[in-house]
Amino acid sequence: MLFPDSCLACGRHVDRHGALCAACWPEIAFIEQPLCAVSGLPFAHDFGGHMVSAEALANPPAYDRARSACVHAGVARQLVTRLKYNDRTDLGPWMARFMGRAGRELLAEADIVVPVPLHWVRLWTRRFNQSAELARALSAQSGVPMDAGALVRRRRTRRQVGLTATQRQTNVRGVFLVPDEKRIAIEGRNVLLVDDVLTTGATVEAAARTLRRAGAARIEVLTFSRVVPGRGDEGRHGR
């Protein structure tokens, strides 16, 4: 009675804990087939077969595949913001369930789950890494081991918000490192790299290149949401 169950997004009363209300649920645009087999970007039309987008063909990413649960707009963007800036770590397991559904093939082949790290100063300020919260929940739900220390940031960077695509790439160039003692956990393994949002892909590209140099056999990316051009909130967040 004192603490009634409320919608994860808007706070309206709901009949069970950890749920969205009837008004918010339809506002999440889940990413389904058809989509690019490499980048995970949804297609407007079903062309049939194993399709790869023109962008992925022209500029192959450093990772092998990427998948996201939903479009980064509306309620989905609100959930990411609450997890990241409002200390709503209780959202992590709920969001991870939808990530697991979107990335079931990636999880089935993964040897290790690695979150995109924060610099220690930002981690100390924020008190937790939202990507690590999602990765921890994914690991618990799937049974794939997680190693939060397998990838670290060697220097603090500017926030990506408000930067152009080129500035974002420059901002994260050479920023990641696989510690020597962690190379045994990465070499020859299929690594599932976890983040909250995929925007331009600059951050996961830089992280994937670092993991590749450390000997990872495959690198696949799984995020809760991703910016889809023409569908809402591109440019507001900077991964």
# chains A, B, ... in the order shown; residues from 1 in each chain; ligands from 1
call {"tool": "closest_atom_pairs", "arguments": {"of": "range 95-162 of chain A", "to": "range 18-40 of chain A", "cutoff": "12 Å", "atoms": "only C-alpha atoms", "output": "tab-separated table"}}
result
residue	atom	partner	partner_atom	distance
A:Met95	CA	A:Gly18	CA	10.0
A:Arg97	CA	A:Gly18	CA	11.5
A:Phe98	CA	A:Phe30	CA	8.9
A:Met99	CA	A:Phe30	CA	10.2
A:Arg101	CA	A:Glu32	CA	10.3
A:Ala102	CA	A:Ile31	CA	7.7
A:Gly103	CA	A:Gly40	CA	10.1
A:Glu105	CA	A:Ala37	CA	11.7
A:Leu106	CA	A:Val38	CA	11.7
call {"tool": "select_by_dssp", "arguments": {"residues": "range 1-194 of chain A", "states": "helix (DSSP H, G or I)", "output": "PyMOL selection string"}}
result
chain A and resi 25-27+54-58+74-85+91-102+104-109+120-126+130-142+165-172+180-186
call {"tool": "write_last_selection", "arguments": {"atoms": "C-alpha atoms", "output": "PDB file, in the first residue's frame"}}
result
ATOM      1  CA  TRP A  25       4.087  -0.407 -23.876  1.00  0.00           C
ATOM      2  CA  PRO A  26       2.953   0.365 -27.465  1.00  0.00           C
ATOM      3  CA  GLU A  27       5.394   3.302 -27.560  1.00  0.00           C
ATOM      4  CA  ALA A  54      24.803  -0.912 -48.456  1.00  0.00           C
ATOM      5  CA  GLU A  55      26.488   0.951 -45.605  1.00  0.00           C
ATOM      6  CA  ALA A  56      27.822  -2.252 -44.032  1.00  0.00           C
ATOM      7  CA  LEU A  57      29.109  -3.416 -47.423  1.00  0.00           C
ATOM      8  CA  ALA A  58      30.808  -0.097 -48.176  1.00  0.00           C
ATOM      9  CA  GLY A  74      10.277   7.813 -26.910  1.00  0.00           C
ATOM     10  CA  VAL A  75       9.836   5.421 -24.007  1.00  0.00           C
ATOM     11  CA  ALA A  76      12.974   3.420 -24.867  1.00  0.00           C
ATOM     12  CA  ARG A  77      15.107   6.561 -24.720  1.00  0.00           C
ATOM     13  CA  GLN A  78      13.437   7.471 -21.439  1.00  0.00           C
ATOM     14  CA  LEU A  79      14.308   4.087 -19.930  1.00  0.00           C
ATOM     15  CA  VAL A  80      17.957   4.419 -20.987  1.00  0.00           C
ATOM     16  CA  THR A  81      18.104   7.904 -19.464  1.00  0.00           C
ATOM     17  CA  ARG A  82      16.598   6.696 -16.181  1.00  0.00           C
ATOM     18  CA  LEU A  83      19.044   3.813 -15.946  1.00  0.00           C
ATOM     19  CA  LYS A  84      22.024   5.959 -16.846  1.00  0.00           C
ATOM     20  CA  TYR A  85      21.415   9.201 -14.974  1.00  0.00           C
ATOM     21  CA  LEU A  91      15.682  -1.364 -14.844  1.00  0.00           C
ATOM     22  CA  GLY A  92      18.760  -3.384 -15.836  1.00  0.00           C
ATOM     23  CA  PRO A  93      17.306  -6.914 -15.584  1.00  0.00           C
ATOM     24  CA  TRP A  94      14.090  -5.856 -17.329  1.00  0.00           C
ATOM     25  CA  MET A  95      15.973  -4.228 -20.223  1.00  0.00           C
ATOM     26  CA  ALA A  96      18.366  -7.178 -20.424  1.00  0.00           C
ATOM     27  CA  ARG A  97      15.488  -9.598 -20.994  1.00  0.00           C
ATOM     28  CA  PHE A  98      14.587  -7.803 -24.201  1.00  0.00           C
ATOM     29  CA  MET A  99      18.247  -7.597 -25.199  1.00  0.00           C
ATOM     30  CA  GLY A 100      18.509 -11.358 -24.700  1.00  0.00           C
ATOM     31  CA  ARG A 101      15.540 -11.881 -26.973  1.00  0.00           C
ATOM     32  CA  ALA A 102      17.024  -9.651 -29.697  1.00  0.00           C
ATOM     33  CA  ARG A 104      19.615 -14.851 -28.685  1.00  0.00           C
ATOM     34  CA  GLU A 105      21.817 -16.042 -31.586  1.00  0.00           C
ATOM     35  CA  LEU A 106      24.714 -13.906 -30.370  1.00  0.00           C
ATOM     36  CA  LEU A 107      24.390 -15.165 -26.798  1.00  0.00           C
ATOM     37  CA  ALA A 108      24.198 -18.791 -27.992  1.00  0.00           C
ATOM     38  CA  GLU A 109      27.637 -18.430 -29.614  1.00  0.00           C
ATOM     39  CA  TRP A 120      37.363   5.315 -13.381  1.00  0.00           C
ATOM     40  CA  VAL A 121      36.703   9.006 -12.710  1.00  0.00           C
ATOM     41  CA  ARG A 122      33.306   8.879 -14.395  1.00  0.00           C
ATOM     42  CA  LEU A 123      32.556   5.566 -12.683  1.00  0.00           C
ATOM     43  CA  TRP A 124      33.381   7.095  -9.311  1.00  0.00           C
ATOM     44  CA  THR A 125      31.138  10.091 -10.073  1.00  0.00           C
ATOM     45  CA  ARG A 126      28.196   8.039 -11.398  1.00  0.00           C
ATOM     46  CA  GLN A 130      25.025   1.206 -16.903  1.00  0.00           C
ATOM     47  CA  SER A 131      26.566  -1.072 -19.548  1.00  0.00           C
ATOM     48  CA  ALA A 132      27.978  -3.315 -16.829  1.00  0.00           C
ATOM     49  CA  GLU A 133      24.542  -3.491 -15.171  1.00  0.00           C
ATOM     50  CA  LEU A 134      23.026  -4.714 -18.446  1.00  0.00           C
ATOM     51  CA  ALA A 135      25.918  -7.122 -19.048  1.00  0.00           C
ATOM     52  CA  ARG A 136      25.626  -8.537 -15.526  1.00  0.00           C
ATOM     53  CA  ALA A 137      21.908  -9.174 -15.996  1.00  0.00           C
ATOM     54  CA  LEU A 138      22.488 -10.766 -19.412  1.00  0.00           C
ATOM     55  CA  SER A 139      25.142 -13.021 -17.929  1.00  0.00           C
ATOM     56  CA  ALA A 140      22.833 -14.102 -15.104  1.00  0.00           C
ATOM     57  CA  GLN A 141      19.964 -14.779 -17.494  1.00  0.00           C
ATOM     58  CA  SER A 142      22.004 -16.630 -20.138  1.00  0.00           C
ATOM     59  CA  ALA A 165      30.378  11.567 -36.262  1.00  0.00           C
ATOM     60  CA  THR A 166      33.988  12.475 -37.070  1.00  0.00           C
ATOM     61  CA  GLN A 167      34.507  14.108 -33.678  1.00  0.00           C
ATOM     62  CA  ARG A 168      33.088  11.022 -31.959  1.00  0.00           C
ATOM     63  CA  GLN A 169      35.526   8.766 -33.783  1.00  0.00           C
ATOM     64  CA  THR A 170      38.441  11.024 -32.841  1.00  0.00           C
ATOM     65  CA  ASN A 171      37.232  11.252 -29.244  1.00  0.00           C
ATOM     66  CA  VAL A 172      37.394   7.477 -28.668  1.00  0.00           C
ATOM     67  CA  ASP A 180      47.795  -8.000 -20.190  1.00  0.00           C
ATOM     68  CA  GLU A 181      46.355 -10.228 -17.481  1.00  0.00           C
ATOM     69  CA  LYS A 182      42.994 -10.297 -19.305  1.00  0.00           C
ATOM     70  CA  ARG A 183      44.274 -11.312 -22.733  1.00  0.00           C
ATOM     71  CA  ILE A 184      43.838 -14.987 -21.897  1.00  0.00           C
ATOM     72  CA  ALA A 185      40.115 -14.298 -21.390  1.00  0.00           C
ATOM     73  CA  ILE A 186      39.823 -12.658 -24.838  1.00  0.00           C
TER      74      ILE A 186
END
call {"tool": "closest_atom_pairs", "arguments": {"of": "range 35-103 of chain A", "to": "range 224-227 of chain A", "cutoff": "6 Å", "atoms": "only C-alpha atoms", "output": "JSON lines"}}
result
{"residue": "A:Ser68", "atom": "CA", "partner": "A:Ser225", "partner_atom": "CA", "distance": 5.3}
{"residue": "A:Ala69", "atom": "CA", "partner": "A:Phe224", "partner_atom": "CA", "distance": 5.0}
{"residue": "A:Cys70", "atom": "CA", "partner": "A:Ser225", "partner_atom": "CA", "distance": 4.7}
{"residue": "A:Val71", "atom": "CA", "partner": "A:Arg226", "partner_atom": "CA", "distance": 5.3}
{"residue": "A:His72", "atom": "CA", "partner": "A:Ser225", "partner_atom": "CA", "distance": 4.9}
{"residue": "A:Met99", "atom": "CA", "partner": "A:Phe224", "partner_atom": "CA", "distance": 5.5}
call {"tool": "write_last_selection", "arguments": {"atoms": "N, CA, C and O atoms", "output": "compact mmCIF listing (two decimals), in the first residue's frame"}}
result
# COMPACT_ATOMS: atom_id res chain seq x y z
N SER A 68 20.14 -4.93 -31.57
CA SER A 68 19.56 -4.06 -30.54
C SER A 68 18.11 -4.45 -30.34
O SER A 68 17.44 -4.91 -31.28
N ALA A 69 17.63 -4.24 -29.12
CA ALA A 69 16.26 -4.64 -28.81
C ALA A 69 15.23 -3.70 -29.40
O ALA A 69 14.17 -4.14 -29.85
N CYS A 70 15.51 -2.39 -29.41
CA CYS A 70 14.48 -1.45 -29.85
C CYS A 70 15.08 -0.16 -30.38
O CYS A 70 16.28 0.10 -30.22
N VAL A 71 14.24 0.62 -31.03
CA VAL A 71 14.64 1.91 -31.57
C VAL A 71 14.80 2.92 -30.43
O VAL A 71 13.97 2.97 -29.51
N HIS A 72 15.85 3.71 -30.49
CA HIS A 72 16.14 4.68 -29.42
C HIS A 72 15.28 5.92 -29.61
O HIS A 72 15.71 6.93 -30.19
N MET A 99 16.98 -7.47 -24.48
CA MET A 99 18.25 -7.60 -25.20
C MET A 99 18.54 -9.06 -25.49
O MET A 99 19.01 -9.42 -26.58
call {"tool": "atom_distance", "arguments": {"atom1": "CA of Asp195 in chain A", "atom2": "CA of Val116 in chain A"}}
result
5.7 Å
call {"tool": "residues_around", "arguments": {"residues": "Thr210 in chain A", "least_positions_apart": "5", "cutoff": "9 Å", "atoms": "only C-alpha atoms", "output": "list in words"}}
result
Leu151, Gly174, Val175, Phe176, Leu177, Val178, Glu205 and Gly215 of chain A
call {"tool": "residues_around", "arguments": {"residues": "Leu192 in chain A", "least_positions_apart": "6", "cutoff": "9 Å", "atoms": "only C-alpha atoms", "output": "JSON, numbers by chain"}}
result
{"A": [106, 107, 109, 110, 111, 112, 113, 114, 115, 218, 219, 220, 221, 222]}
call {"tool": "select_by_dssp", "arguments": {"residues": "range 29-90 of chain A", "states": "strand (DSSP E)", "output": "JSON list (two decimals) with N, CA, C and O atoms, in the first residue's frame"}}
result
[["chain", "number", "residue", "atom", "x", "y", "z"],
["A", 65, "ARG", "N", 28.79, -8.77, -35.89],
["A", 65, "ARG", "CA", 27.35, -8.53, -35.95],
["A", 65, "ARG", "C", 26.94, -7.62, -34.80],
["A", 65, "ARG", "O", 27.59, -7.61, -33.75],
["A", 66, "ALA", "N", 25.86, -6.88, -35.02],
["A", 66, "ALA", "CA", 25.29, -6.06, -33.94],
["A", 66, "ALA", "C", 23.79, -6.26, -33.93],
["A", 66, "ALA", "O", 23.16, -6.39, -34.99],
["A", 67, "ARG", "N", 23.22, -6.28, -32.74],
["A", 67, "ARG", "CA", 21.79, -6.38, -32.58],
["A", 67, "ARG", "C", 21.35, -5.45, -31.44],
["A", 67, "ARG", "O", 22.09, -5.23, -30.49],
["A", 68, "SER", "N", 20.14, -4.93, -31.57],
["A", 68, "SER", "CA", 19.56, -4.06, -30.54],
["A", 68, "SER", "C", 18.11, -4.45, -30.34],
["A", 68, "SER", "O", 17.44, -4.91, -31.28],
["A", 69, "ALA", "N", 17.63, -4.24, -29.12],
["A", 69, "ALA", "CA", 16.26, -4.64, -28.81],
["A", 69, "ALA", "C", 15.23, -3.70, -29.40],
["A", 69, "ALA", "O", 14.17, -4.14, -29.85],
["A", 70, "CYS", "N", 15.51, -2.39, -29.41],
["A", 70, "CYS", "CA", 14.48, -1.45, -29.85],
["A", 70, "CYS", "C", 15.08, -0.16, -30.38],
["A", 70, "CYS", "O", 16.28, 0.10, -30.22],
["A", 71, "VAL", "N", 14.24, 0.62, -31.03],
["A", 71, "VAL", "CA", 14.64, 1.91, -31.57],
["A", 71, "VAL", "C", 14.80, 2.92, -30.43],
["A", 71, "VAL", "O", 13.97, 2.97, -29.51]]
call {"tool": "atom_distance", "arguments": {"atom1": "CA of Thr223 in chain A", "atom2": "CA of Leu193 in chain A"}}
result
8.5 Å
call {"tool": "atom_distance", "arguments": {"atom1": "CA of Val144 in chain A", "atom2": "CA of Val191 in chain A"}}
result
10.3 Å
